[in-house]
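Q: So here's target-v6.cif (mmCIF, C-alpha atoms).
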```cif
data_structure
#
loop_
_atom_site.label_atom_id
_atom_site.label_comp_id
_atom_site.auth_asym_id
_atom_site.auth_seq_id
_atom_site.Cartn_x
_atom_site.Cartn_y
_atom_site.Cartn_z
CA MET H 248 6.72 15.28 6.17
CA GLN H 249 5.99 11.57 6.38
CA GLY H 250 7.25 8.94 3.98
CA ILE H 251 5.48 5.85 2.69
CA MET H 252 7.07 2.59 1.58
CA MET H 253 5.95 0.58 -1.43
CA VAL H 254 7.50 -2.32 -3.29
CA GLU H 255 9.28 -1.34 -6.49
CA VAL H 256 6.47 -2.24 -8.88
CA LEU H 257 4.06 -0.01 -6.95
CA VAL H 258 6.41 2.98 -6.95
CA THR H 259 6.72 2.54 -10.72
CA GLN H 260 2.94 2.30 -11.16
CA THR H 261 2.44 5.40 -8.99
CA VAL H 262 4.95 7.45 -10.99
CA LYS H 263 3.26 6.32 -14.23
CA GLY H 264 -0.08 7.56 -12.83
CA ILE H 265 -1.60 4.06 -12.88
CA LYS H 266 -1.67 3.39 -9.13
CA LYS H 267 -3.86 5.91 -7.32
CA VAL H 268 -4.90 4.07 -4.17
CA THR H 269 -3.26 1.98 -1.47
CA ARG H 270 -4.72 -0.24 1.24
CA ARG H 271 -2.88 -0.35 4.58
CA THR H 272 -3.47 -2.13 7.88
CA GLY H 273 -1.20 0.15 9.95
CA GLY H 274 -3.02 1.46 13.03
CA LEU H 275 -5.66 -1.28 12.84
CA ASP H 276 -3.64 -3.97 14.62
CA GLU H 277 -6.06 -4.38 17.52
CA VAL H 278 -9.21 -4.87 15.42
CA ASN H 279 -7.34 -7.11 12.97
CA LYS H 280 -6.60 -9.64 15.70
CA ASP H 281 -10.21 -10.73 15.08
CA PRO H 282 -11.64 -8.53 12.30
CA ASP H 283 -15.02 -10.29 12.21
CA SER H 284 -15.71 -9.27 15.83
CA TYR H 285 -15.79 -5.56 15.02
CA ARG H 286 -18.09 -3.25 13.15
CA LEU H 287 -17.20 0.26 12.02
CA GLU H 288 -19.38 2.72 13.87
CA LYS H 289 -17.99 6.06 12.71
CA LEU H 290 -15.17 7.43 10.55
CA GLY H 291 -13.74 10.89 11.17
CA SER H 292 -10.31 11.88 12.39
CA SER H 293 -10.14 8.25 13.53
CA ALA H 294 -12.13 5.08 12.92
CA GLU H 295 -14.41 4.15 15.80
CA PHE H 296 -15.23 0.47 16.13
CA ILE H 297 -17.63 -1.48 18.31
CA GLU H 298 -16.74 -5.02 19.38
CA THR H 299 -19.67 -7.19 20.37
CA THR H 300 -18.85 -9.82 22.99
CA SER H 301 -20.84 -12.14 25.21
CA THR H 302 -20.51 -9.59 28.01
CA GLY H 303 -21.54 -6.52 26.00
CA GLU H 304 -19.95 -4.04 23.64
CA ASN H 305 -16.44 -2.57 23.69
CA PHE H 306 -15.46 0.65 21.97
CA ILE H 307 -12.09 1.14 20.25
CA ALA H 308 -10.72 4.07 18.22
CA CYS H 309 -7.98 3.60 15.61
CA ASN H 310 -6.04 6.43 13.98
CA HIS H 311 -5.08 6.55 10.33
CA ARG H 312 -1.52 7.50 9.54
CA PHE H 313 -2.15 9.96 6.69
CA LYS H 314 -4.68 12.78 6.48
CA VAL H 315 -6.54 14.25 3.50
CA GLY H 316 -4.43 16.98 1.91
CA GLU H 317 -1.17 15.68 3.36
CA ILE H 318 1.88 15.49 1.08
CA VAL H 319 3.85 12.24 1.52
CA TYR H 320 7.14 11.21 -0.07
CA LEU H 321 7.77 7.80 -1.61
CA LYS H 322 10.59 5.91 0.08
CA GLU H 323 12.94 3.88 -2.09
CA PRO H 324 16.45 2.43 -1.75
CA PHE H 325 18.91 5.30 -2.12
CA CYS H 326 22.57 6.28 -2.10
CA LYS H 327 24.01 9.68 -1.20
CA ILE H 328 26.70 10.99 -3.53
CA GLY H 329 28.46 14.15 -2.42
CA ASN H 330 26.50 17.01 -0.88
CA ASN H 331 22.74 16.55 -1.18
CA ASN H 332 23.01 14.53 -4.37
CA TYR H 333 21.19 11.21 -4.38
CA ARG H 334 20.77 8.22 -6.63
CA HIS H 335 17.81 5.84 -6.42
CA LYS H 336 17.53 2.13 -7.11
CA TYR H 337 14.10 2.19 -8.74
CA LEU H 338 13.20 3.30 -12.26
CA ASN H 339 16.65 2.70 -13.79
CA ASP H 340 18.42 5.37 -11.75
CA ASN H 341 21.36 2.94 -11.46
CA PRO H 342 21.96 1.59 -14.97
CA GLU H 343 25.57 0.60 -14.30
CA GLY H 344 24.91 -1.07 -10.94
CA LEU H 345 27.64 1.00 -9.27
CA TYR H 346 25.97 1.99 -6.01
CA LYS H 347 25.50 0.37 -2.64
CA TRP H 348 21.91 1.01 -1.62
CA LYS H 349 20.68 2.06 1.80
CA ASN H 350 17.43 0.54 3.02
CA LYS H 351 14.40 2.58 1.96
CA LEU H 352 13.17 2.47 5.56
CA TYR H 353 15.84 5.07 6.38
CA MET H 354 15.34 7.34 3.38
CA PRO H 355 15.10 10.98 4.54
CA GLU H 356 12.71 13.48 2.99
CA GLU H 357 15.62 15.41 1.42
CA ALA H 358 16.50 12.35 -0.69
CA ALA H 359 12.96 11.99 -2.08
CA ARG H 360 12.17 12.58 -5.71
CA PHE H 361 8.50 11.48 -5.84
CA PHE H 362 5.61 12.79 -3.76
CA ILE H 363 1.91 12.02 -3.46
CA LYS H 364 -1.00 14.04 -2.07
CA ILE H 365 -3.64 12.16 -0.06
CA THR H 366 -7.08 12.98 -1.52
CA SER H 367 -9.33 10.59 0.43
CA VAL H 368 -9.20 8.32 3.48
CA LYS H 369 -11.75 5.66 4.36
CA CYS H 370 -11.85 2.41 6.29
CA GLU H 371 -13.33 -0.83 5.01
CA ARG H 372 -12.79 -4.59 4.89
CA LEU H 373 -10.16 -5.83 2.44
CA TYR H 374 -12.67 -8.00 0.56
CA ASP H 375 -15.01 -5.02 0.01
CA ILE H 376 -12.77 -3.84 -2.84
CA THR H 377 -14.48 -3.27 -6.18
CA GLU H 378 -13.02 -4.18 -9.55
CA GLU H 379 -12.57 -0.47 -10.36
CA GLN H 380 -10.68 0.08 -7.09
CA ALA H 381 -8.57 -3.03 -7.74
CA ILE H 382 -7.36 -1.58 -11.04
CA LEU H 383 -6.52 1.72 -9.30
CA GLU H 384 -4.22 -0.29 -6.98
CA GLY H 385 -1.79 -0.44 -9.92
CA ILE H 386 -2.11 -4.10 -10.88
CA GLU H 387 -0.65 -5.06 -14.24
CA PRO H 388 -2.30 -6.95 -17.10
CA ASP H 389 -0.78 -10.33 -17.93
CA GLY H 390 -2.14 -11.17 -21.35
CA VAL H 391 -5.94 -11.27 -21.16
CA LYS H 392 -5.86 -11.77 -17.39
CA TRP H 393 -4.21 -9.92 -14.51
CA LYS H 394 -0.83 -10.59 -12.95
CA ASN H 395 -0.44 -12.85 -9.93
CA TYR H 396 2.29 -11.26 -7.78
CA THR H 397 2.87 -14.29 -5.58
CA LYS H 398 3.88 -16.46 -8.55
CA LEU H 399 6.01 -14.46 -10.95
CA LYS H 400 6.87 -17.20 -13.47
CA LYS H 401 5.41 -16.22 -16.83
CA GLY H 402 2.47 -18.30 -17.94
CA LYS H 403 1.82 -19.87 -14.54
CA PHE H 404 -0.63 -19.03 -11.78
CA LYS H 405 -2.21 -16.07 -13.53
CA ALA H 406 -4.85 -14.24 -11.57
CA LEU H 407 -8.34 -14.56 -13.01
CA SER H 408 -9.68 -11.14 -12.07
CA PRO H 409 -8.49 -7.71 -10.94
CA ILE H 410 -9.63 -8.47 -7.38
CA GLU H 411 -7.67 -11.74 -7.25
CA SER H 412 -4.65 -9.87 -8.60
CA VAL H 413 -4.90 -7.28 -5.81
CA MET H 414 -5.14 -10.02 -3.19
CA SER H 415 -1.95 -11.58 -4.57
CA LEU H 416 -0.31 -8.14 -4.58
CA PHE H 417 -1.35 -7.58 -0.95
CA LYS H 418 0.28 -10.91 -0.03
CA PHE H 419 3.42 -10.05 -2.01
CA ALA H 420 3.77 -6.57 -0.47
CA ASN H 421 3.22 -7.98 3.04
CA LYS H 422 5.63 -10.92 2.46
CA MET H 423 2.94 -13.56 2.86
CA ALA H 424 3.27 -16.99 1.24
CA ALA H 425 1.23 -17.58 -1.91
CA GLY H 426 -0.93 -20.29 -0.31
CA THR H 427 -1.69 -18.26 2.83
CA MET H 428 -5.37 -17.72 3.57
CA LEU H 429 -5.77 -13.94 3.52
CA PRO H 430 -8.01 -12.75 6.37
CA ASN H 431 -10.66 -10.15 5.59
CA TYR H 432 -8.71 -7.43 7.40
CA TRP H 433 -9.90 -3.95 8.15
CA VAL H 434 -7.81 -1.60 5.98
CA TRP H 435 -7.30 2.11 5.49
CA VAL H 436 -8.00 3.03 1.88
CA TYR H 437 -5.83 6.01 0.91
CA GLU H 438 -6.58 7.58 -2.45
CA TYR H 439 -3.87 9.86 -3.76
CA GLU H 440 -2.46 11.72 -6.72
CA LEU H 441 1.11 12.25 -7.85
CA TYR H 442 2.31 15.61 -6.57
CA ASN H 443 5.00 17.83 -8.04
CA LYS H 444 6.68 19.54 -5.12
#
```
Would you give me this structure, written as C-alpha coordinates?
A:
Amino acid sequence: MQGIMMVEVLVTQTVKGIKKVTRRTGGLDEVNKDPDSYRLEKLGSSAEFIETTSTGENFIACNHRFKVGEIVYLKEPFCKIGNNNYRHKYLNDNPEGLYKWKNKLYMPEEAARFFIKITSVKCERLYDITEEQAILEGIEPDGVKWKNYTKLKKGKFKALSPIESVMSLFKFANKMAAGTMLPNYWVWVYEYELYNK
(Lines of atoms letter the chains of each structure in order from A and count residues from 1; the text may use other names and numbers.)
(Lines give C-alpha, C1' and ligand atoms only; values in the text may rest on other atoms or scores of the structure.)
Protein backbone atom coordinates (compact mmCIF):
# COMPACT_ATOMS: atom_id res chain seq x y z
CA MET A 1 0.00 0.00 0.00
CA GLN A 2 1.24 3.48 -0.84
CA GLY A 3 1.36 6.41 1.54
CA ILE A 4 0.67 10.07 0.86
CA MET A 5 2.15 13.05 2.67
CA MET A 6 0.20 16.16 3.61
CA VAL A 7 0.99 19.08 5.87
CA GLU A 8 -0.62 18.87 9.31
CA VAL A 9 -3.57 21.14 8.58
CA LEU A 10 -4.54 19.00 5.58
CA VAL A 11 -4.37 15.74 7.52
CA THR A 12 -6.65 17.35 10.11
CA GLN A 13 -9.08 18.58 7.43
CA THR A 14 -9.11 15.13 5.80
CA VAL A 15 -9.88 13.36 9.09
CA LYS A 16 -12.69 15.88 9.76
CA GLY A 17 -14.16 15.03 6.33
CA ILE A 18 -13.66 18.60 5.05
CA LYS A 19 -10.80 17.96 2.62
CA LYS A 20 -11.83 15.54 -0.12
CA VAL A 21 -9.49 16.39 -2.98
CA THR A 22 -5.78 17.01 -3.48
CA ARG A 23 -3.83 18.45 -6.40
CA ARG A 24 -0.37 17.00 -7.06
CA THR A 25 2.33 17.64 -9.65
CA GLY A 26 4.18 14.34 -9.10
CA GLY A 27 4.74 12.52 -12.40
CA LEU A 28 4.18 15.68 -14.44
CA ASP A 29 7.70 17.08 -14.09
CA GLU A 30 8.49 17.02 -17.80
CA VAL A 31 5.38 18.90 -18.95
CA ASN A 32 5.66 21.34 -16.05
CA LYS A 33 9.04 22.56 -17.28
CA ASP A 34 6.94 24.59 -19.74
CA PRO A 35 3.25 23.86 -19.03
CA ASP A 36 1.93 26.26 -21.67
CA SER A 37 3.65 24.26 -24.43
CA TYR A 38 1.52 21.17 -23.85
CA ARG A 39 -2.08 20.22 -24.38
CA LEU A 40 -3.77 17.20 -22.84
CA GLU A 41 -4.75 14.82 -25.61
CA LYS A 42 -6.11 11.84 -23.67
CA LEU A 43 -6.54 10.68 -20.07
CA GLY A 44 -6.67 6.99 -19.22
CA SER A 45 -4.21 4.88 -17.28
CA SER A 46 -1.84 7.77 -17.99
CA ALA A 47 -2.13 11.33 -19.28
CA GLU A 48 -1.08 11.73 -22.90
CA PHE A 49 0.18 15.16 -23.88
CA ILE A 50 1.10 16.76 -27.18
CA GLU A 51 3.81 19.42 -27.30
CA THR A 52 3.67 21.73 -30.29
CA THR A 53 7.05 23.06 -31.39
CA SER A 54 8.39 24.88 -34.42
CA THR A 55 9.51 21.52 -35.82
CA GLY A 56 6.25 19.64 -35.25
CA GLU A 57 4.52 17.82 -32.44
CA ASN A 58 6.01 15.65 -29.68
CA PHE A 59 4.07 13.07 -27.71
CA ILE A 60 4.63 12.44 -24.00
CA ALA A 61 2.81 10.14 -21.55
CA CYS A 62 2.78 10.82 -17.80
CA ASN A 63 1.62 8.35 -15.16
CA HIS A 64 -0.42 9.26 -12.12
CA ARG A 65 0.71 7.84 -8.81
CA PHE A 66 -2.65 6.71 -7.43
CA LYS A 67 -5.43 4.79 -9.16
CA VAL A 68 -9.20 4.88 -8.69
CA GLY A 69 -10.21 2.44 -5.94
CA GLU A 70 -6.74 2.39 -4.36
CA ILE A 71 -6.48 2.64 -0.57
CA VAL A 72 -3.70 5.00 0.57
CA TYR A 73 -2.47 5.73 4.08
CA LEU A 74 -1.80 9.22 5.41
CA LYS A 75 1.81 9.73 6.47
CA GLU A 76 2.49 11.78 9.59
CA PRO A 77 5.37 12.19 12.05
CA PHE A 78 5.38 9.13 14.31
CA CYS A 79 7.13 7.39 17.18
CA LYS A 80 7.23 3.65 17.86
CA ILE A 81 6.63 2.63 21.47
CA GLY A 82 7.16 -1.03 22.26
CA ASN A 83 5.93 -3.71 19.87
CA ASN A 84 3.70 -2.34 17.12
CA ASN A 85 2.44 0.53 19.26
CA TYR A 86 2.73 3.98 17.72
CA ARG A 87 2.11 7.57 18.69
CA HIS A 88 1.50 10.35 16.17
CA LYS A 89 2.37 14.03 16.24
CA TYR A 90 -0.81 15.31 14.59
CA LEU A 91 -4.26 15.69 16.14
CA ASN A 92 -3.07 15.97 19.77
CA ASP A 93 -1.69 12.44 19.96
CA ASN A 94 1.22 13.89 21.98
CA PRO A 95 -0.34 16.17 24.60
CA GLU A 96 2.65 16.02 26.95
CA GLY A 97 5.30 16.55 24.27
CA LEU A 98 7.22 13.48 25.42
CA TYR A 99 8.13 11.85 22.12
CA LYS A 100 10.88 12.30 19.58
CA TRP A 101 9.24 12.18 16.17
CA LYS A 102 10.49 10.35 13.10
CA ASN A 103 10.06 12.07 9.75
CA LYS A 104 6.71 11.26 8.14
CA LEU A 105 8.56 10.42 4.92
CA TYR A 106 9.64 7.16 6.59
CA MET A 107 6.32 6.22 8.16
CA PRO A 108 5.51 2.56 7.38
CA GLU A 109 2.01 1.35 6.59
CA GLU A 110 1.83 -0.55 9.91
CA ALA A 111 2.10 2.76 11.80
CA ALA A 112 -0.79 4.37 9.91
CA ARG A 113 -4.05 5.24 11.59
CA PHE A 114 -5.83 7.13 8.77
CA PHE A 115 -6.60 5.89 5.27
CA ILE A 116 -8.24 7.34 2.17
CA LYS A 117 -9.79 5.69 -0.89
CA ILE A 118 -9.16 7.33 -4.27
CA THR A 119 -12.53 7.85 -6.00
CA SER A 120 -11.50 9.89 -9.06
CA VAL A 121 -8.37 10.90 -10.97
CA LYS A 122 -8.16 13.61 -13.60
CA CYS A 123 -5.54 15.95 -15.01
CA GLU A 124 -5.99 19.68 -15.47
CA ARG A 125 -4.22 23.03 -15.12
CA LEU A 126 -3.90 24.39 -11.59
CA TYR A 127 -5.80 27.58 -12.45
CA ASP A 128 -8.77 25.58 -13.81
CA ILE A 129 -9.94 24.95 -10.24
CA THR A 130 -13.52 25.96 -9.45
CA GLU A 131 -14.66 27.59 -6.23
CA GLU A 132 -16.46 24.38 -5.24
CA GLN A 133 -13.29 22.34 -5.80
CA ALA A 134 -11.25 24.91 -3.87
CA ILE A 135 -13.45 24.44 -0.80
CA LEU A 136 -13.07 20.65 -1.11
CA GLU A 137 -9.28 21.17 -0.86
CA GLY A 138 -9.86 21.75 2.87
CA ILE A 139 -9.23 25.48 3.08
CA GLU A 140 -10.35 27.16 6.29
CA PRO A 141 -12.55 30.23 6.73
CA ASP A 142 -10.87 33.25 8.31
CA GLY A 143 -13.72 35.49 9.36
CA VAL A 144 -15.77 36.38 6.29
CA LYS A 145 -12.88 35.54 3.96
CA TRP A 146 -10.64 32.50 3.51
CA LYS A 147 -7.29 31.81 5.14
CA ASN A 148 -4.03 32.76 3.46
CA TYR A 149 -1.57 29.96 4.30
CA THR A 150 1.54 31.85 3.25
CA LYS A 151 0.93 34.60 5.82
CA LEU A 152 -0.32 33.11 9.06
CA LYS A 153 -0.47 36.27 11.21
CA LYS A 154 -4.08 36.83 12.21
CA GLY A 155 -5.73 39.79 10.55
CA LYS A 156 -3.09 40.22 7.85
CA PHE A 157 -2.92 39.08 4.24
CA LYS A 158 -6.29 37.33 4.22
CA ALA A 159 -7.20 35.60 1.00
CA LEU A 160 -10.12 37.17 -0.82
CA SER A 161 -11.64 34.04 -2.32
CA PRO A 162 -11.54 30.25 -1.97
CA ILE A 163 -9.40 30.00 -5.12
CA GLU A 164 -6.83 32.50 -3.80
CA SER A 165 -6.78 30.55 -0.54
CA VAL A 166 -6.02 27.30 -2.38
CA MET A 167 -3.21 28.97 -4.31
CA SER A 168 -1.67 30.14 -1.03
CA LEU A 169 -2.12 26.62 0.39
CA PHE A 170 -0.41 25.12 -2.68
CA LYS A 171 2.55 27.47 -2.11
CA PHE A 172 2.65 26.64 1.60
CA ALA A 173 2.51 22.87 1.04
CA ASN A 174 5.22 23.09 -1.63
CA LYS A 175 7.42 25.42 0.49
CA MET A 176 7.20 28.31 -1.95
CA ALA A 177 7.66 31.91 -0.81
CA ALA A 178 4.50 33.98 -0.44
CA GLY A 179 5.46 36.40 -3.23
CA THR A 180 6.39 33.67 -5.71
CA MET A 181 4.53 33.76 -9.02
CA LEU A 182 2.73 30.42 -9.16
CA PRO A 183 2.94 28.88 -12.65
CA ASN A 184 -0.22 27.38 -14.12
CA TYR A 185 1.08 23.83 -13.63
CA TRP A 186 -0.51 20.68 -14.90
CA VAL A 187 -1.76 18.79 -11.83
CA TRP A 188 -3.32 15.46 -10.98
CA VAL A 189 -6.63 16.00 -9.22
CA TYR A 190 -7.26 13.11 -6.82
CA GLU A 191 -10.69 12.99 -5.24
CA TYR A 192 -10.95 10.72 -2.22
CA GLU A 193 -12.96 9.72 0.81
CA LEU A 194 -11.88 8.80 4.31
CA TYR A 195 -11.65 5.02 4.57
CA ASN A 196 -12.01 2.88 7.67
CA LYS A 197 -9.67 -0.05 7.21
Q: Can you list, as number ranges by chain, every protein, DNA or RNA residue that comes within 8 Å of Thr397 (chain H) when you count all atoms listed in the file, leaving out same-chain residues fewer than 5 positions away?
A: H: 415-416, 418-419, 424-425
Q: For the selection you just gave me, I'd like the residues written to a file as a PDB file, in the coordinates of the input, keeping C-alpha atoms.
A:
```
ATOM      1  CA  SER H 415      -1.950 -11.580  -4.570  1.00  0.00           C
ATOM      2  CA  LEU H 416      -0.310  -8.140  -4.580  1.00  0.00           C
ATOM      3  CA  LYS H 418       0.280 -10.910  -0.030  1.00  0.00           C
ATOM      4  CA  PHE H 419       3.420 -10.050  -2.010  1.00  0.00           C
ATOM      5  CA  ALA H 424       3.270 -16.990   1.240  1.00  0.00           C
ATOM      6  CA  ALA H 425       1.230 -17.580  -1.910  1.00  0.00           C
TER       7      ALA H 425
END
```
Q: Quick one: residues within 8 Å of Val319 (chain H), only C-alpha atoms counted, chain neighbours fewer than 2 positions away excluded, as a list in words?
A: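 The residues satisfying every condition are Met248, Gln249, Gly250, Ile251, Glu317, Leu321, Phe362, Ile363, Lys364 and Ile365 of chain H.
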Q: Report as a tab-separated table: every residue of region 331-428 of chain H with an atom at most 12 Å from region 273-290 of chain H, its closest pair of atoms, and their distance in Å to one decimal, counting all atoms listed in the file, with rows sorted by chain and ascending residue number.
A:
```
residue	atom	partner	partner_atom	distance
H:Val368	CA	H:Leu290	CA	9.3
H:Lys369	CA	H:Leu290	CA	7.3
H:Cys370	CA	H:Leu290	CA	7.4
H:Glu371	CA	H:Leu287	CA	8.1
H:Arg372	CA	H:Pro282	CA	8.5
H:Leu373	CA	H:Pro282	CA	10.3
H:Tyr374	CA	H:Pro282	CA	11.8
H:Asn421	CA	H:Gly273	CA	11.5
```
Q: Which residues match the PyMOL selection byres ((chain H and resi 271) around 8) in the file above, as a VMD selection string?
A: chain H and resid 269 to 270 272 to 273 434 to 437
Q: Would you mind listing what lies within 10 Å of Gly264 (chain H) as number ranges by chain, with only C-alpha atoms counted and same-chain residues fewer than 4 positions away left out?
A: H: 258-260, 383, 385, 440-441
Q: With only C-alpha atoms as the atoms that count, which of H:Asp375, H:Thr366, H:Gly303, H:Asn332 lies nearest to Val315 (chain H)?
A: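 Among the listed residues, H:Thr366 lies closest to Val315 (chain H).
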Q: Select, from H:Glu379, H:Asp389, H:Glu295, H:Glu411, the residue with the minimum atom-to-atom distance to Lys266 (chain H), counting only C-alpha atoms.
A: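 The shortest atom-to-atom distance to Lys266 (chain H) comes from H:Glu379.
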Q: Quick one: residues within 7 Å of Cys326 (chain H), only C-alpha atoms counted, chain neighbours fewer than 6 positions away excluded, as a list in words?
A: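 The residues that qualify are Tyr333, Arg334, His335, Tyr346, Lys347, Trp348 and Lys349 of chain H.
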Q: For Val391 (chain H), which residue out of H:Leu407, H:Ala294, H:Ile376, H:Leu345 is the nearest one, using only C-alpha atoms?
A: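 Using only C-alpha atoms, Val391 (chain H) sits closest to H:Leu407.
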Q: Starting from the shown file, work through the PyMOL selection byres ((chain H and resi 298) around 8) and note down what comes out as a list in words.
A: Ser284, Tyr285, Arg286, Phe296, Ile297, Thr299, Thr300, Glu304, Asn305, Phe306 and Ile307 of chain H
Q: Just to confirm, what's the straight-line distance from CA of Leu429 (chain H) to CA of Asn395 (chain H) in Å (one decimal)?
A: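 So the answer is 14.5 Å.
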Q: CA of Ala358 (chain H) and CA of Lys322 (chain H) are how many Å apart?
A: 8.8 Å
Q: Show which residues sit within 9 Å of Ile410 (chain H), as a list of chain:residue names. Count all atoms listed in the file, and ignore same-chain residues fewer than 6 positions away.
A: H:Tyr374, H:Ile376, H:Thr377, H:Glu378, H:Gln380, H:Ala381, H:Ile382
Q: Can you tell me how far CA of Tyr320 (chain H) sits from CA of Pro430 (chain H), in Å to one decimal?
A: 29.1 Å
Q: Looking at H:Tyr432, H:Val262, H:Gly426, H:Lys314, which one is nearest to Ser367 (chain H), with distances taken over only C-alpha atoms?
A: H:Lys314
Q: Rank H:Phe361, H:Phe417, H:Trp393, H:Tyr337 by their smallest atom-to-atom distance to Ile318 (chain H), using only C-alpha atoms, and report the top residue only.
A: H:Phe361
Q: Tell me which of H:Pro355, H:Lys394, H:Ser293, H:Pro409 sits closest to Arg312 (chain H), counting all atoms listed in the file.
A: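 Comparing H:Pro355, H:Lys394, H:Ser293, H:Pro409 against Arg312 (chain H), the winner is H:Ser293.
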